[in-house]
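Q: Input file: model.tsv. Contents: TSV, C-alpha atoms.
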```tsv
chain	number	residue	atom	x	y	z
N	26	MET	CA	37.90	18.02	-14.93
N	27	ASN	CA	34.66	16.18	-15.64
N	28	ASP	CA	35.10	13.71	-18.49
N	29	ALA	CA	31.42	12.72	-18.57
N	30	VAL	CA	29.72	13.24	-21.93
N	31	ASP	CA	26.19	14.59	-22.19
N	32	GLU	CA	24.22	12.12	-24.35
N	33	ARG	CA	22.48	15.07	-26.02
N	34	MET	CA	25.79	16.66	-27.06
N	35	ASP	CA	26.73	16.43	-30.72
N	36	PRO	CA	30.13	14.93	-31.52
N	37	PRO	CA	32.89	17.58	-31.69
N	38	ARG	CA	33.85	16.97	-35.29
N	39	THR	CA	33.33	18.66	-38.63
N	40	THR	CA	31.45	16.37	-40.99
N	41	THR	CA	29.52	16.76	-44.22
N	42	TYR	CA	26.52	14.48	-44.48
N	43	ARG	CA	25.22	13.52	-47.91
N	44	ILE	CA	21.44	13.44	-47.92
N	45	ALA	CA	19.33	12.11	-50.78
N	46	VAL	CA	16.29	14.40	-50.96
N	47	ILE	CA	13.16	12.99	-52.62
N	48	PRO	CA	10.33	15.56	-52.35
N	49	GLY	CA	7.96	13.25	-54.25
N	50	ASP	CA	4.38	14.27	-54.88
N	51	GLY	CA	1.80	16.78	-53.72
N	52	ILE	CA	2.57	18.49	-50.44
N	53	GLY	CA	5.82	16.54	-50.19
N	54	ALA	CA	7.43	19.18	-52.39
N	55	GLU	CA	6.01	21.90	-50.10
N	56	VAL	CA	7.07	20.56	-46.69
N	57	ILE	CA	10.61	19.51	-47.58
N	58	PRO	CA	12.03	23.04	-48.22
N	59	PRO	CA	11.32	24.28	-44.65
N	60	ALA	CA	13.00	21.14	-43.32
N	61	LEU	CA	16.09	21.75	-45.48
N	62	ARG	CA	16.35	25.38	-44.37
N	63	THR	CA	16.16	24.33	-40.75
N	64	LEU	CA	18.76	21.60	-41.21
N	65	GLU	CA	21.16	24.11	-42.75
N	66	VAL	CA	20.80	26.43	-39.74
N	67	LEU	CA	21.36	23.58	-37.32
N	68	ALA	CA	24.40	22.40	-39.26
N	69	GLU	CA	25.96	25.86	-39.21
N	70	ARG	CA	25.32	26.14	-35.50
N	71	GLY	CA	26.63	22.65	-34.79
N	72	GLY	CA	29.80	22.85	-36.83
N	73	PHE	CA	28.85	20.32	-39.48
N	74	ALA	CA	27.38	20.51	-42.98
N	75	PHE	CA	24.92	18.91	-45.34
N	76	ARG	CA	25.13	18.15	-49.02
N	77	PHE	CA	21.62	17.76	-50.41
N	78	ASP	CA	21.28	15.75	-53.61
N	79	HIS	CA	17.80	16.16	-55.10
N	80	PHE	CA	15.95	13.44	-57.00
N	81	ASP	CA	12.70	13.94	-58.92
N	82	TRP	CA	11.38	10.42	-58.28
N	83	SER	CA	7.61	10.69	-58.13
N	84	CYS	CA	4.27	9.85	-59.70
N	85	ARG	CA	4.84	12.70	-62.15
N	86	ARG	CA	8.01	10.94	-63.27
N	87	TYR	CA	6.03	7.71	-63.57
N	88	LEU	CA	3.46	9.35	-65.83
N	89	GLU	CA	6.24	10.79	-68.00
N	90	THR	CA	8.60	7.80	-68.14
N	91	GLY	CA	6.71	4.74	-66.88
N	92	ALA	CA	8.89	4.36	-63.78
N	93	MET	CA	8.88	5.99	-60.34
N	94	MET	CA	12.68	6.05	-60.38
N	95	PRO	CA	15.39	5.04	-62.86
N	96	ALA	CA	16.57	1.45	-63.06
N	97	ASP	CA	19.79	2.32	-61.22
N	98	GLY	CA	18.02	4.53	-58.69
N	99	LEU	CA	18.94	2.48	-55.64
N	100	ASP	CA	22.58	2.44	-56.68
N	101	ARG	CA	22.53	6.24	-56.95
N	102	ILE	CA	21.52	6.71	-53.32
N	103	ALA	CA	23.16	3.68	-51.68
N	104	GLY	CA	26.20	5.72	-50.66
N	105	HIS	CA	24.27	8.55	-48.99
N	106	ASP	CA	24.19	8.99	-45.23
N	107	ALA	CA	20.40	9.24	-45.15
N	108	ILE	CA	17.31	9.81	-47.28
N	109	LEU	CA	14.74	12.55	-46.65
N	110	LEU	CA	11.41	11.86	-48.35
N	111	GLY	CA	8.41	14.18	-48.70
N	112	ALA	CA	5.48	12.02	-49.83
N	113	VAL	CA	4.49	9.72	-52.66
N	114	GLY	CA	1.12	9.27	-54.35
N	115	TRP	CA	-1.05	11.09	-56.87
N	116	PRO	CA	-4.44	10.62	-58.57
N	117	GLY	CA	-4.08	8.71	-61.80
N	118	VAL	CA	-1.31	6.49	-60.47
N	119	PRO	CA	-2.55	3.46	-58.51
N	120	ASP	CA	-1.27	3.43	-54.94
N	121	HIS	CA	0.31	0.00	-55.32
N	122	VAL	CA	2.31	1.35	-58.28
N	123	SER	CA	3.72	4.32	-56.37
N	124	LEU	CA	4.39	2.25	-53.25
N	125	TRP	CA	6.01	-0.73	-54.93
N	126	GLY	CA	7.83	1.46	-57.43
N	127	LEU	CA	9.68	3.53	-54.86
N	128	LEU	CA	9.11	3.19	-51.12
N	129	ILE	CA	9.11	-0.56	-50.73
N	130	PRO	CA	12.19	-1.14	-52.94
N	131	ILE	CA	14.10	1.42	-50.85
N	132	ARG	CA	12.95	-0.10	-47.57
N	133	ARG	CA	13.80	-3.64	-48.63
N	134	GLN	CA	16.99	-3.12	-50.58
N	135	PHE	CA	18.42	-1.00	-47.77
N	136	ARG	CA	17.24	-3.39	-45.04
N	137	GLN	CA	15.18	-0.70	-43.31
N	138	TYR	CA	13.36	-3.28	-41.23
N	139	VAL	CA	12.42	-0.92	-38.39
N	140	ASN	CA	9.72	1.64	-39.02
N	141	LEU	CA	9.97	4.01	-36.07
N	142	ARG	CA	7.02	6.28	-35.30
N	143	PRO	CA	7.22	8.40	-32.14
N	144	ILE	CA	3.91	9.82	-30.91
N	145	ARG	CA	3.67	12.65	-28.38
N	146	VAL	CA	1.01	15.11	-27.31
N	147	LEU	CA	2.96	18.33	-27.58
N	148	PRO	CA	2.43	21.48	-25.50
N	149	GLY	CA	-0.31	23.69	-26.90
N	150	LEU	CA	-1.74	20.95	-29.09
N	151	PRO	CA	-4.21	18.91	-27.05
N	152	GLY	CA	-5.37	15.73	-28.65
N	153	PRO	CA	-9.02	15.11	-29.57
N	154	LEU	CA	-9.58	12.86	-26.56
N	155	ARG	CA	-10.87	14.13	-23.22
N	156	ASP	CA	-7.63	13.07	-21.56
N	157	SER	CA	-4.58	12.77	-23.80
N	158	ALA	CA	-2.10	14.45	-21.47
N	159	GLY	CA	1.14	12.58	-21.04
N	160	VAL	CA	0.96	10.60	-24.28
N	161	ASP	CA	4.53	9.72	-25.23
N	162	LEU	CA	4.88	6.42	-27.02
N	163	VAL	CA	6.71	4.84	-29.93
N	164	VAL	CA	5.30	2.38	-32.44
N	165	VAL	CA	7.98	0.02	-33.73
N	166	ARG	CA	6.62	-1.47	-36.92
N	167	GLU	CA	8.21	-4.39	-38.75
N	168	ASN	CA	8.88	-2.83	-42.14
N	169	VAL	CA	10.00	-5.35	-44.75
N	170	GLU	CA	8.01	-8.56	-44.43
N	171	GLY	CA	4.81	-9.63	-42.65
N	172	GLU	CA	1.54	-8.97	-44.41
N	173	TYR	CA	3.08	-6.77	-47.11
N	174	SER	CA	4.71	-9.48	-49.17
N	175	GLU	CA	4.95	-10.03	-52.90
N	176	ILE	CA	3.92	-13.67	-52.62
N	177	GLY	CA	0.51	-14.45	-54.08
N	178	GLY	CA	-1.51	-13.66	-57.16
N	179	ARG	CA	-4.88	-13.64	-58.90
N	180	LEU	CA	-6.48	-16.38	-60.90
N	181	ASN	CA	-9.45	-16.58	-63.27
N	182	ARG	CA	-9.47	-12.84	-63.87
N	183	GLY	CA	-12.81	-11.57	-65.16
N	184	PHE	CA	-14.74	-14.73	-64.36
N	185	ALA	CA	-17.26	-15.32	-61.59
N	186	ASP	CA	-14.81	-17.57	-59.76
N	187	GLU	CA	-11.95	-15.05	-59.86
N	188	PHE	CA	-9.90	-15.07	-56.67
N	189	ALA	CA	-6.81	-13.49	-55.11
N	190	VAL	CA	-4.24	-14.95	-52.72
N	191	GLN	CA	-1.88	-12.87	-50.62
N	192	GLU	CA	0.66	-14.62	-48.42
N	193	ALA	CA	1.97	-13.12	-45.18
N	194	VAL	CA	5.62	-13.89	-44.53
N	195	PHE	CA	7.02	-14.00	-40.99
N	196	THR	CA	10.59	-15.19	-40.49
N	197	ARG	CA	12.34	-15.95	-37.22
N	198	ALA	CA	15.17	-13.58	-38.13
N	199	GLY	CA	12.78	-10.80	-39.19
N	200	VAL	CA	10.58	-10.95	-36.10
N	201	SER	CA	13.51	-11.38	-33.71
N	202	ARG	CA	15.41	-8.32	-34.90
N	203	VAL	CA	12.47	-5.92	-34.78
N	204	VAL	CA	11.38	-7.21	-31.37
N	205	ASP	CA	14.94	-6.84	-30.06
N	206	HIS	CA	14.96	-3.26	-31.33
N	207	ALA	CA	11.71	-2.54	-29.52
N	208	PHE	CA	13.00	-3.95	-26.23
N	209	GLY	CA	16.24	-2.04	-26.57
N	210	LEU	CA	14.31	1.17	-27.16
N	211	ALA	CA	12.04	0.52	-24.19
N	212	ALA	CA	15.05	-0.07	-21.94
N	213	ALA	CA	16.07	3.56	-22.54
N	214	ARG	CA	12.50	4.86	-22.03
N	215	ARG	CA	9.87	3.68	-19.53
N	216	GLN	CA	10.79	0.01	-19.79
N	217	HIS	CA	7.62	-1.51	-21.14
N	218	VAL	CA	6.74	-3.18	-24.45
N	219	THR	CA	3.29	-4.04	-25.75
N	220	SER	CA	3.18	-6.62	-28.52
N	221	ALA	CA	0.30	-6.41	-31.00
N	222	THR	CA	-1.06	-9.80	-32.00
N	223	LYS	CA	-4.17	-11.61	-33.21
N	224	SER	CA	-3.23	-15.17	-32.37
N	225	ASN	CA	-6.80	-16.12	-31.49
N	226	GLY	CA	-7.88	-15.64	-35.09
N	227	ILE	CA	-4.76	-15.87	-37.27
N	228	VAL	CA	-3.62	-19.37	-36.44
N	229	HIS	CA	-0.11	-19.63	-37.90
N	230	THR	CA	1.76	-16.36	-38.21
N	231	MET	CA	0.51	-14.70	-35.05
N	232	PRO	CA	1.22	-17.61	-32.65
N	233	PHE	CA	4.66	-17.71	-34.28
N	234	TRP	CA	5.04	-13.98	-33.61
N	235	ASP	CA	3.94	-14.47	-29.98
N	236	GLU	CA	6.42	-17.28	-29.40
N	237	ILE	CA	9.33	-15.22	-30.69
N	238	VAL	CA	8.31	-12.15	-28.66
N	239	GLU	CA	8.30	-14.27	-25.52
N	240	GLU	CA	11.70	-15.75	-26.38
N	241	ARG	CA	13.26	-12.35	-27.01
N	242	ALA	CA	11.62	-10.82	-23.92
N	243	ALA	CA	13.53	-13.32	-21.78
N	244	ARG	CA	16.75	-11.65	-22.97
N	245	HIS	CA	15.54	-8.29	-21.61
N	246	PRO	CA	14.50	-9.08	-18.02
N	247	ALA	CA	14.53	-5.42	-16.95
N	248	VAL	CA	11.80	-4.55	-19.46
N	249	GLY	CA	8.21	-5.47	-18.71
N	250	TRP	CA	5.93	-6.57	-21.52
N	251	ARG	CA	2.50	-7.86	-22.42
N	252	ARG	CA	0.68	-8.99	-25.53
N	253	GLU	CA	-2.58	-7.47	-26.69
N	254	HIS	CA	-4.92	-8.61	-29.44
N	255	ILE	CA	-5.04	-5.90	-32.06
N	256	ASP	CA	-8.76	-5.22	-31.71
N	257	ALA	CA	-8.54	-4.72	-27.94
N	258	LEU	CA	-5.29	-2.78	-28.36
N	259	THR	CA	-6.88	-0.20	-30.67
N	260	ALA	CA	-9.62	0.38	-28.09
N	261	LYS	CA	-7.13	0.73	-25.24
N	262	LEU	CA	-5.00	3.07	-27.29
N	263	VAL	CA	-7.98	5.41	-27.51
N	264	LEU	CA	-9.17	4.92	-23.93
N	265	SER	CA	-5.78	5.15	-22.23
N	266	PRO	CA	-3.04	6.25	-24.65
N	267	ALA	CA	-0.73	7.55	-21.92
N	268	SER	CA	-0.36	4.02	-20.52
N	269	PHE	CA	1.71	2.84	-23.51
N	270	ASP	CA	5.47	3.12	-23.88
N	271	VAL	CA	6.71	1.05	-26.84
N	272	ILE	CA	4.36	-0.90	-29.09
N	273	VAL	CA	5.88	-3.49	-31.42
N	274	ALA	CA	3.78	-4.77	-34.28
N	275	SER	CA	3.84	-6.51	-37.62
N	276	ASN	CA	3.85	-4.52	-40.84
N	277	LEU	CA	0.08	-4.20	-41.24
N	278	PHE	CA	-0.80	-3.81	-37.57
N	279	GLY	CA	1.98	-1.26	-37.04
N	280	ASP	CA	0.86	0.74	-40.06
N	281	ILE	CA	-2.68	1.07	-38.72
N	282	LEU	CA	-1.73	1.64	-35.08
N	283	SER	CA	0.75	4.39	-35.85
N	284	ASP	CA	-1.81	6.41	-37.85
N	285	LEU	CA	-4.37	5.98	-35.10
N	286	ALA	CA	-1.83	7.10	-32.50
N	287	ALA	CA	-0.88	10.14	-34.62
N	288	ALA	CA	-4.52	11.22	-34.70
N	289	ILE	CA	-4.70	10.81	-30.92
N	290	ALA	CA	-1.75	13.21	-30.68
N	291	GLY	CA	-3.74	15.94	-32.41
N	292	SER	CA	-2.88	15.84	-36.10
N	293	ILE	CA	-1.40	13.37	-38.53
N	294	GLY	CA	0.30	16.43	-40.02
N	295	ILE	CA	2.88	16.50	-37.22
N	296	ALA	CA	3.73	12.79	-37.19
N	297	PRO	CA	7.24	11.72	-38.23
N	298	ALA	CA	8.60	8.36	-39.30
N	299	GLY	CA	11.99	6.76	-39.69
N	300	ASN	CA	12.71	3.72	-41.84
N	301	ILE	CA	15.77	2.47	-40.03
N	302	ASN	CA	18.61	0.14	-40.91
N	303	PRO	CA	19.95	-0.26	-37.35
N	304	GLU	CA	23.22	-1.81	-38.50
N	305	ARG	CA	23.89	1.27	-40.68
N	306	ASP	CA	25.04	-0.87	-43.59
N	307	PHE	CA	22.66	1.16	-45.76
N	308	PRO	CA	21.10	4.63	-45.54
N	309	SER	CA	17.96	5.03	-43.46
N	310	MET	CA	15.00	7.02	-44.77
N	311	PHE	CA	12.95	9.65	-42.93
N	312	GLU	CA	9.50	10.88	-43.93
N	313	PRO	CA	6.39	12.57	-42.53
N	314	VAL	CA	3.42	10.26	-42.18
N	315	HIS	CA	0.79	12.54	-43.72
N	316	GLY	CA	1.11	11.47	-47.36
N	317	SER	CA	0.84	13.61	-50.48
N	318	ALA	CA	-2.61	15.11	-49.68
N	319	PRO	CA	-3.66	15.99	-53.27
N	320	ASP	CA	-6.71	17.87	-51.97
N	321	ILE	CA	-4.55	20.67	-50.53
N	322	ALA	CA	-1.47	20.38	-52.75
N	323	GLY	CA	-0.44	23.67	-54.30
N	324	LYS	CA	-2.34	25.79	-51.78
N	325	GLY	CA	0.68	26.39	-49.55
N	326	ILE	CA	-1.16	25.39	-46.38
N	327	ALA	CA	0.37	21.97	-45.66
N	328	ASN	CA	1.69	21.41	-42.15
N	329	PRO	CA	5.52	21.17	-42.28
N	330	LEU	CA	5.93	19.91	-38.70
N	331	GLY	CA	5.89	16.24	-39.71
N	332	ALA	CA	8.78	16.88	-42.10
N	333	LEU	CA	10.62	18.94	-39.48
N	334	TRP	CA	10.22	16.26	-36.83
N	335	SER	CA	11.35	13.64	-39.37
N	336	ALA	CA	14.44	15.79	-39.95
N	337	SER	CA	15.01	15.67	-36.19
N	338	LEU	CA	14.85	11.86	-36.28
N	339	MET	CA	17.40	11.95	-39.08
N	340	LEU	CA	19.73	14.17	-37.05
N	341	GLU	CA	19.51	11.78	-34.12
N	342	HIS	CA	20.27	8.82	-36.38
N	343	LEU	CA	23.28	10.67	-37.81
N	344	GLY	CA	24.71	11.11	-34.33
N	345	ARG	CA	23.62	14.70	-33.74
N	346	PRO	CA	21.29	14.33	-30.73
N	347	GLU	CA	21.77	17.88	-29.47
N	348	SER	CA	20.66	19.34	-32.80
N	349	ALA	CA	17.78	16.85	-32.98
N	350	ALA	CA	16.56	17.86	-29.53
N	351	ALA	CA	16.89	21.57	-30.33
N	352	LEU	CA	14.63	21.16	-33.35
N	353	VAL	CA	11.90	19.36	-31.39
N	354	ASP	CA	12.21	21.99	-28.64
N	355	ALA	CA	11.61	24.73	-31.25
N	356	ILE	CA	8.52	22.91	-32.54
N	357	GLU	CA	7.20	22.71	-29.00
N	358	VAL	CA	7.82	26.42	-28.42
N	359	VAL	CA	5.84	27.39	-31.53
N	360	LEU	CA	2.94	25.08	-30.69
N	361	ALA	CA	2.84	26.26	-27.07
N	362	GLU	CA	2.70	29.90	-28.16
N	363	GLY	CA	-0.15	29.03	-30.52
N	364	ALA	CA	0.07	32.13	-32.70
N	365	VAL	CA	1.19	30.40	-35.91
N	366	ARG	CA	-0.73	27.33	-37.03
N	367	THR	CA	-1.71	25.79	-40.32
N	368	PRO	CA	-5.41	25.01	-41.00
N	369	ASP	CA	-5.15	21.40	-39.84
N	370	LEU	CA	-4.16	22.79	-36.42
N	371	GLY	CA	-7.00	25.31	-36.37
N	372	GLY	CA	-5.07	28.29	-37.75
N	373	THR	CA	-4.61	30.20	-40.98
N	374	ALA	CA	-0.82	30.12	-41.43
N	375	THR	CA	0.89	28.96	-44.60
N	376	THR	CA	3.45	26.20	-44.79
N	377	ASP	CA	6.30	28.68	-45.00
N	378	GLU	CA	4.95	30.80	-42.15
N	379	LEU	CA	4.86	27.86	-39.77
N	380	GLY	CA	8.27	26.67	-40.97
N	381	ASP	CA	9.70	30.15	-40.46
N	382	ALA	CA	8.19	30.32	-36.97
N	383	VAL	CA	10.04	27.14	-35.99
N	384	LEU	CA	13.22	28.50	-37.55
N	385	ASN	CA	12.84	31.77	-35.63
N	386	ALA	CA	12.28	29.87	-32.37
N	387	LEU	CA	15.37	27.82	-33.08
N	388	THR	CA	17.42	30.93	-33.83
N	389	ALA	CA	16.17	32.67	-30.67
N	390	THR	CA	17.11	29.64	-28.60
N	391	GLY	CA	20.57	29.71	-30.12
N	392	ARG	CA	21.00	33.41	-29.28
N	393	ARG	CA	19.96	32.81	-25.68
N	394	ALA	CA	22.42	29.90	-25.39
N	395	GLU	CA	25.26	32.14	-26.58
N	396	LYS	CA	24.65	34.79	-23.89
```
Translate the structure of the given file into structure tokens.

A:
Amino acid sequence: MNDAVDERMDPPRTTTYRIAVIPGDGIGAEVIPPALRTLEVLAERGGFAFRFDHFDWSCRRYLETGAMMPADGLDRIAGHDAILLGAVGWPGVPDHVSLWGLLIPIRRQFRQYVNLRPIRVLPGLPGPLRDSAGVDLVVVRENVEGEYSEIGGRLNRGFADEFAVQEAVFTRAGVSRVVDHAFGLAAARRQHVTSATKSNGIVHTMPFWDEIVEERAARHPAVGWRREHIDALTAKLVLSPASFDVIVASNLFGDILSDLAAAIAGSIGIAPAGNINPERDFPSMFEPVHGSAPDIAGKGIANPLGALWSASLMLEHLGRPESAAALVDAIEVVLAEGAVRTPDLGGTATTDELGDAVLNALTATGRRAEK
């Protein structure tokens, strides 16, 4: 008898996972339902279950109550196994209000210091570049400190000498843990890390970042690495995206690089993200990258693939790799066939039609596996 365990096999146990569902604003409320339907099918097939607890935290709530979420909001979701978020942001509510009223408190309170953004050129969806075949990389973005700090302020408001100060915060512990995560991820992939820096122009934080990356790299001798200045890195990411494996970057640099890489993959509408607490002391949060897209909200044409792929990341984090892989496989099948696509992918399908196509592909795969 072979006792080896397939790493893609889900654990043989019946479990109910509690998921905090925050549809949020705009198309977030449109792309989350297809993801939930797909998760329910996968759970039934895999012998586990989900309990979805819905929360109306959003810009609409802010306009009605003056707060994106209630004062005890974080306590309400701290005991959940994961968080599935649609999108946040709406005209009339400043972006810094929606971000600092919901997303950043969740990321920081729950120590979600790794922002994980996988980027792949999927079958049937060629990227906009002449040669984007073989693109399969992951951006590991530091998620709770760096350039997005609360330290700073404005002085002399309304006068000619008004000024603003924003402090970037880089700690040895914060940089070390995200860099270690990147090297660990690369060890299971193609064994190469690229570190984004700008130490020739930012004279304190970036040399500090570089020093720590070099220190941590010495602990992972099997993984190759190099550092790239952010300006050159953005150019190389466009010119030769398939040459990258894992990119680790500070909060700001990682934010920009991951959106650029998603566009290289063909559409920001398919890009997923995970806000990860690797120690699992707190719930991690999963969300599509595309944002709330007010210009198409309510039209039923938003691309649900980013939410579906984010649901796959959530399944993997919950210890259900076989189900996670099956969902991505179904997405690939639908894109390769090319018959059902939303407008951002060059088609005319609705959100539900594309979501149903993935669900049908998943169901068909399950039927074939049973035969």

Q: Kindly give the distance, in Å, that separates CA of Glu304 (chain N) and CA of Leu343 (chain N), rounded to a single decimal.

A: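 Computing it gives 12.5 Å between the two atoms.
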
Q: Kindly assemble as a Markdown table a list of the region 297-340 of chain N residues that lie within 12 Å of region 154-163 of chain N, each paired with its nearest atom pair and their distance in Å to one decimal, using all atoms listed in the file, sorted first by chain and then by ascending residue number.

A:
```
| residue | atom | partner | partner_atom | distance |
| --- | --- | --- | --- | --- |
| N:Pro297 | CA | N:Val163 | CA | 10.8 |
| N:Ala298 | CA | N:Val163 | CA | 10.2 |
| N:Gly299 | CA | N:Val163 | CA | 11.3 |
```

Q: For each of N:Ile272, N:Ala198, N:Leu180, N:Ile144, take the minimum atom-to-atom distance to Ile289 (chain N), counting only C-alpha atoms, then give the residue where this is smallest.

A: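 Residue with the minimum atom-to-atom distance to Ile289 (chain N): N:Ile144.
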
Q: Using all atoms listed in the file, which of the listed residues (N:Leu338, N:Val66, N:Ile129, N:Met231) sits closest to Ala386 (chain N)?

A: N:Val66

Q: Just the number, please: distance in Å from CA of Gly331 (chain N) to CA of Gly152 (chain N), one decimal.

A: 15.8 Å

Q: What is the distance, in Å and to one decimal place, between CA of Pro116 (chain N) and CA of Met93 (chain N)?

A: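 Pair CA of Pro116 (chain N) / CA of Met93 (chain N) returns 14.2 Å.
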
Q: Select, from N:Thr259, N:Asn225, N:Thr196, N:Thr230, the residue with the minimum atom-to-atom distance to Asp284 (chain N), counting only C-alpha atoms.

A: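 Among the listed residues, N:Thr259 lies closest to Asp284 (chain N).
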
Q: From the list N:Glu65, N:Asp50, N:Phe184, N:Ile255, which residue is nearest Leu387 (chain N) when using all atoms listed in the file?

A: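 Counting all atoms listed in the file, the residue closest to Leu387 (chain N) is N:Glu65.
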